[in-house]
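One file, my_file-v8.txt, carrying compact mmCIF, C-alpha atoms:
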```txt
# COMPACT_ATOMS: atom_id res chain seq x y z
CA MET A 1 0.00 0.00 0.00
CA VAL A 2 1.19 3.51 -0.87
CA THR A 3 0.26 6.74 0.90
CA LEU A 4 0.78 10.44 0.20
CA ILE A 5 2.09 12.32 3.23
CA PRO A 6 2.28 16.14 3.15
CA MET A 7 5.93 17.08 2.77
CA THR A 8 7.59 18.67 5.80
CA HIS A 9 9.80 21.77 5.60
CA GLU A 10 12.83 19.56 6.18
CA GLU A 11 11.82 17.18 3.39
CA TYR A 12 11.22 20.14 1.07
CA LYS A 13 14.72 21.47 1.75
CA ALA A 14 16.13 18.11 0.65
CA PHE A 15 13.72 17.89 -2.31
CA GLN A 16 14.30 21.32 -3.87
CA PRO A 17 17.95 20.92 -5.01
CA HIS A 18 17.13 17.57 -6.62
CA LEU A 19 14.07 19.05 -8.29
CA ILE A 20 16.11 21.89 -9.78
CA GLU A 21 18.91 19.61 -10.96
CA ASP A 22 16.52 17.02 -12.42
CA TYR A 23 14.62 19.71 -14.31
CA ALA A 24 17.87 21.26 -15.53
CA GLN A 25 18.96 17.88 -16.88
CA VAL A 26 15.63 17.48 -18.70
CA ILE A 27 15.89 20.99 -20.18
CA SER A 28 19.47 20.41 -21.24
CA GLN A 29 18.82 17.02 -22.84
CA ASN A 30 15.54 17.84 -24.54
CA LEU A 31 16.06 21.42 -25.57
CA ASP A 32 19.77 21.24 -26.44
CA THR A 33 20.58 23.82 -23.80
CA PRO A 34 23.99 23.97 -22.10
CA ILE A 35 23.65 22.50 -18.60
CA GLU A 36 24.69 25.70 -16.78
CA GLU A 37 22.09 27.70 -18.70
CA ALA A 38 19.51 25.00 -17.96
CA ARG A 39 20.36 25.14 -14.24
CA GLU A 40 19.89 28.92 -14.21
CA SER A 41 16.56 28.52 -15.99
CA ALA A 42 15.39 25.79 -13.59
CA LEU A 43 16.41 27.83 -10.54
CA LYS A 44 14.64 30.94 -11.88
CA LEU A 45 11.46 29.00 -12.65
CA SER A 46 11.50 27.37 -9.19
CA SER A 47 11.92 30.77 -7.52
CA GLU A 48 9.08 32.27 -9.54
CA LEU A 49 6.67 29.37 -9.04
CA LEU A 50 7.50 28.73 -5.39
CA PRO A 51 8.32 32.05 -3.69
CA GLN A 52 7.26 30.59 -0.32
CA GLY A 53 8.67 27.11 -0.90
CA VAL A 54 6.54 24.34 0.50
CA ASP A 55 4.12 26.96 1.86
CA THR A 56 3.40 28.56 -1.54
CA PRO A 57 -0.40 28.82 -1.87
CA GLY A 58 -1.96 26.43 -4.37
CA HIS A 59 1.00 24.06 -4.40
CA ARG A 60 0.92 20.74 -2.60
CA PHE A 61 3.98 18.64 -1.94
CA PHE A 62 3.89 15.03 -0.84
CA THR A 63 6.33 12.39 0.22
CA ILE A 64 5.34 8.97 -1.08
CA ARG A 65 5.51 6.23 1.53
CA ARG A 66 5.02 2.49 1.36
CA GLU A 67 3.29 0.65 4.18
CA GLY A 68 5.80 -0.94 6.51
CA PHE A 69 8.74 1.17 5.29
CA SER A 70 10.08 4.36 6.86
CA ASP A 71 12.05 5.54 3.83
CA SER A 72 10.58 7.66 1.07
CA ALA A 73 9.42 5.92 -2.10
CA GLY A 74 9.36 9.24 -3.95
CA THR A 75 7.86 12.71 -4.15
CA LEU A 76 4.91 14.45 -5.76
CA TRP A 77 4.40 18.17 -6.47
CA VAL A 78 0.95 19.30 -7.62
CA PHE A 79 -0.52 22.72 -8.30
CA VAL A 80 -4.24 22.99 -7.60
CA ASP A 81 -6.28 25.68 -9.33
CA ALA A 82 -9.40 25.82 -7.18
CA PRO A 83 -11.38 28.33 -9.32
CA HIS A 84 -10.96 26.15 -12.40
CA LYS A 85 -11.25 22.86 -10.48
CA SER A 86 -8.11 21.60 -12.16
CA ALA A 87 -4.73 20.38 -10.98
CA PHE A 88 -1.35 20.13 -12.65
CA ILE A 89 1.37 17.66 -11.73
CA TYR A 90 4.64 19.54 -11.85
CA ASP A 91 6.76 16.64 -10.66
CA ILE A 92 6.38 13.02 -9.71
CA LYS A 93 9.45 11.00 -8.89
CA ILE A 94 9.62 7.40 -7.78
CA ALA A 95 12.89 6.12 -6.29
CA GLU A 96 14.85 4.37 -9.03
CA SER A 97 15.08 1.10 -7.12
CA LEU A 98 11.27 1.02 -6.78
CA ARG A 99 10.27 1.81 -10.35
CA GLY A 100 8.19 -0.73 -12.23
CA GLN A 101 6.41 -1.90 -9.07
CA GLY A 102 3.13 -0.02 -9.59
CA ILE A 103 3.93 2.83 -7.22
CA GLY A 104 3.51 5.52 -9.89
CA ARG A 105 0.13 4.12 -10.88
CA ALA A 106 -0.91 3.98 -7.21
CA VAL A 107 0.19 7.60 -6.66
CA LEU A 108 -1.83 8.82 -9.64
CA THR A 109 -4.89 6.97 -8.34
CA LEU A 110 -4.38 8.37 -4.82
CA LEU A 111 -4.11 11.88 -6.22
CA GLU A 112 -7.43 11.47 -8.06
CA ASP A 113 -9.01 10.09 -4.88
CA LEU A 114 -7.67 13.07 -2.94
CA LEU A 115 -8.86 15.71 -5.42
CA ARG A 116 -12.23 14.25 -6.48
CA PRO A 117 -14.02 14.97 -3.15
CA GLU A 118 -12.77 18.56 -3.36
CA GLY A 119 -14.57 18.96 -6.69
CA TYR A 120 -11.56 18.86 -9.01
CA ILE A 121 -12.46 17.62 -12.47
CA LYS A 122 -9.14 17.31 -14.30
CA ILE A 123 -5.42 16.77 -13.78
CA GLY A 124 -2.81 17.80 -16.32
CA LEU A 125 0.92 17.23 -16.64
CA GLN A 126 3.78 17.58 -19.08
CA VAL A 127 5.98 14.70 -20.12
CA PHE A 128 8.90 14.86 -22.49
CA TYR A 129 8.91 12.55 -25.48
CA SER A 130 12.30 11.24 -24.38
CA ASN A 131 10.62 9.54 -21.40
CA PRO A 132 8.65 6.63 -22.91
CA VAL A 133 8.21 4.83 -19.58
CA ALA A 134 6.43 7.82 -18.05
CA ARG A 135 4.39 8.41 -21.22
CA HIS A 136 3.24 4.79 -21.14
CA LEU A 137 2.28 5.05 -17.45
CA TYR A 138 0.22 8.20 -17.99
CA GLU A 139 -1.50 6.84 -21.08
CA SER A 140 -2.25 3.54 -19.31
CA VAL A 141 -4.22 5.36 -16.59
CA GLY A 142 -6.17 7.55 -19.02
CA TYR A 143 -4.11 10.67 -19.67
CA LYS A 144 -4.46 11.91 -23.25
CA VAL A 145 -2.18 14.08 -25.37
CA ILE A 146 -3.82 17.50 -25.76
CA SER A 147 -0.92 19.39 -27.29
CA GLN A 148 2.38 18.56 -28.89
CA ASN A 149 5.44 20.77 -29.20
CA MET A 150 7.90 20.05 -31.96
CA GLN A 151 11.37 21.32 -32.65
CA LYS A 152 13.97 20.99 -35.35
CA ASN A 153 17.53 22.09 -34.76
CA ILE A 154 19.17 23.82 -37.67
CA ILE A 155 22.85 24.25 -38.21
CA LEU A 156 24.02 27.73 -38.92
CA THR A 157 26.46 28.02 -41.77
CA GLN A 158 29.25 30.52 -41.89
CA PRO A 159 29.11 32.99 -44.81
```

What do you get writing this file as structure tokens?
Amino acid sequence: MVTLIPMTHEEYKAFQPHLIEDYAQVISQNLDTPIEEARESALKLSSELLPQGVDTPGHRFFTIRREGFSDSAGTLWVFVDAPHKSAFIYDIKIAESLRGQGIGRAVLTLLEDLLRPEGYIKIGLQVFYSNPVARHLYESVGYKVISQNMQKNIILTQP
């Protein structure tokens, strides 16, 4: 059994640097951005989105726990937009050693169960094409593609 426990301030302090670095790696790999530039971008975005850290209104942070275990199985960061009755998953991370065991699927189900009684009617997220495992998970539980960004890198020639 998996549970979502509200993240403590201490857990958030440990979570934030990993969040920034993970996002910087994704930006760098997927958008062909130098890693230092991607880190600056990730840090700026984190500061803008979360000016009060774990206490930023509208944002919910969870530590994922498994029954009978004291260690974290992962983390979940969700923005809830009460006026529009929608939520957006900014980040979900399952510990590498625990992936493929149904924890991600359980977390997504728990999130729906948590938001449904509050009147939320939809949950969105972004997943990069370079992450087929995550794309498969989301599609398998009913998430649909609603938009698609495309990019082509061009090589500049010297005159």

Practice task
Taking the point (-2.1, 15.5, -19.1) as given in the file, collect each protein or nucleic acid residue that comes within 9 Å of it, counting only C-alpha atoms, and present the set as a PyMOL selection string.
Solution key: chain A and resi 88-89+122-127+138-139+142-146

Per-residue nearest contacts stretch 55-139 of chain A to stretch 45-51 of chain A, cut-off 10 Å, using only C-alpha atoms, as CSV:
```
residue,atom,partner,partner_atom,distance
A:Asp55,CA,A:Leu50,CA,8.2
A:Thr56,CA,A:Leu50,CA,5.6
A:Pro57,CA,A:Leu50,CA,8.6
A:Gly58,CA,A:Leu50,CA,9.8
A:His59,CA,A:Leu50,CA,8.1
A:Phe79,CA,A:Leu49,CA,9.8
```

Handout entry: A:Asp71, A:Val141, A:Thr157, A:Asn149 ranked by distance to A:Phe128, top pick (using all atoms listed in the file)
Key = A:Asn149

Handout entry: 12 Å contact set for stretch 104-107 of chain A, all atoms listed in the file, chain neighbours under 5 positions out, as a ChimeraX atom specification
Key = /A:1-5,62-66,73-78,89,91-96,98-99,112-114,133-143

Problem - Proximity to A:Gln52 - best of A:His18, A:Lys85, A:Lys13, A:Arg39, all atoms listed in the file - result: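 Looking at the shortest contact to A:Gln52, the residue is A:Lys13.
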
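What separates atom CA of A:Lys152 from atom CA of A:Tyr90 is a distance of 25.3 Å.
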
If you take every atom of stretch 89-99 of chain A that the file lists and fit an axis-aligned box around them with 6 Å extra on each side, what centre and edge lengths come out in Å to one decimal, as AutoDock Vina command-line options?
```
--center_x 8.2 --center_y 10.3 --center_z -9.1 --size_x 25.7 --size_y 30.5 --size_z 17.6
```

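Our summary of the geometry notes that atom CA of A:Val54 is positioned 17.7 Å from atom CA of A:Leu111.
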
Exercise for the section: Could you tell me how far atom CA of A:Ala38 lies from atom CA of A:Ala24, in Å and to one decimal? Expected result: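 Separating atom CA of A:Ala38 from atom CA of A:Ala24 is a distance of 4.8 Å.
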
Exercise for the section: Check the smallest atom-to-atom distance from each of A:Asn30, A:Gln16, A:Ser147, A:Ser41 to A:Ser130 using all atoms listed in the file, then report the winner. Expected result: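 So, comparing all the options, the nearest one is A:Asn30.
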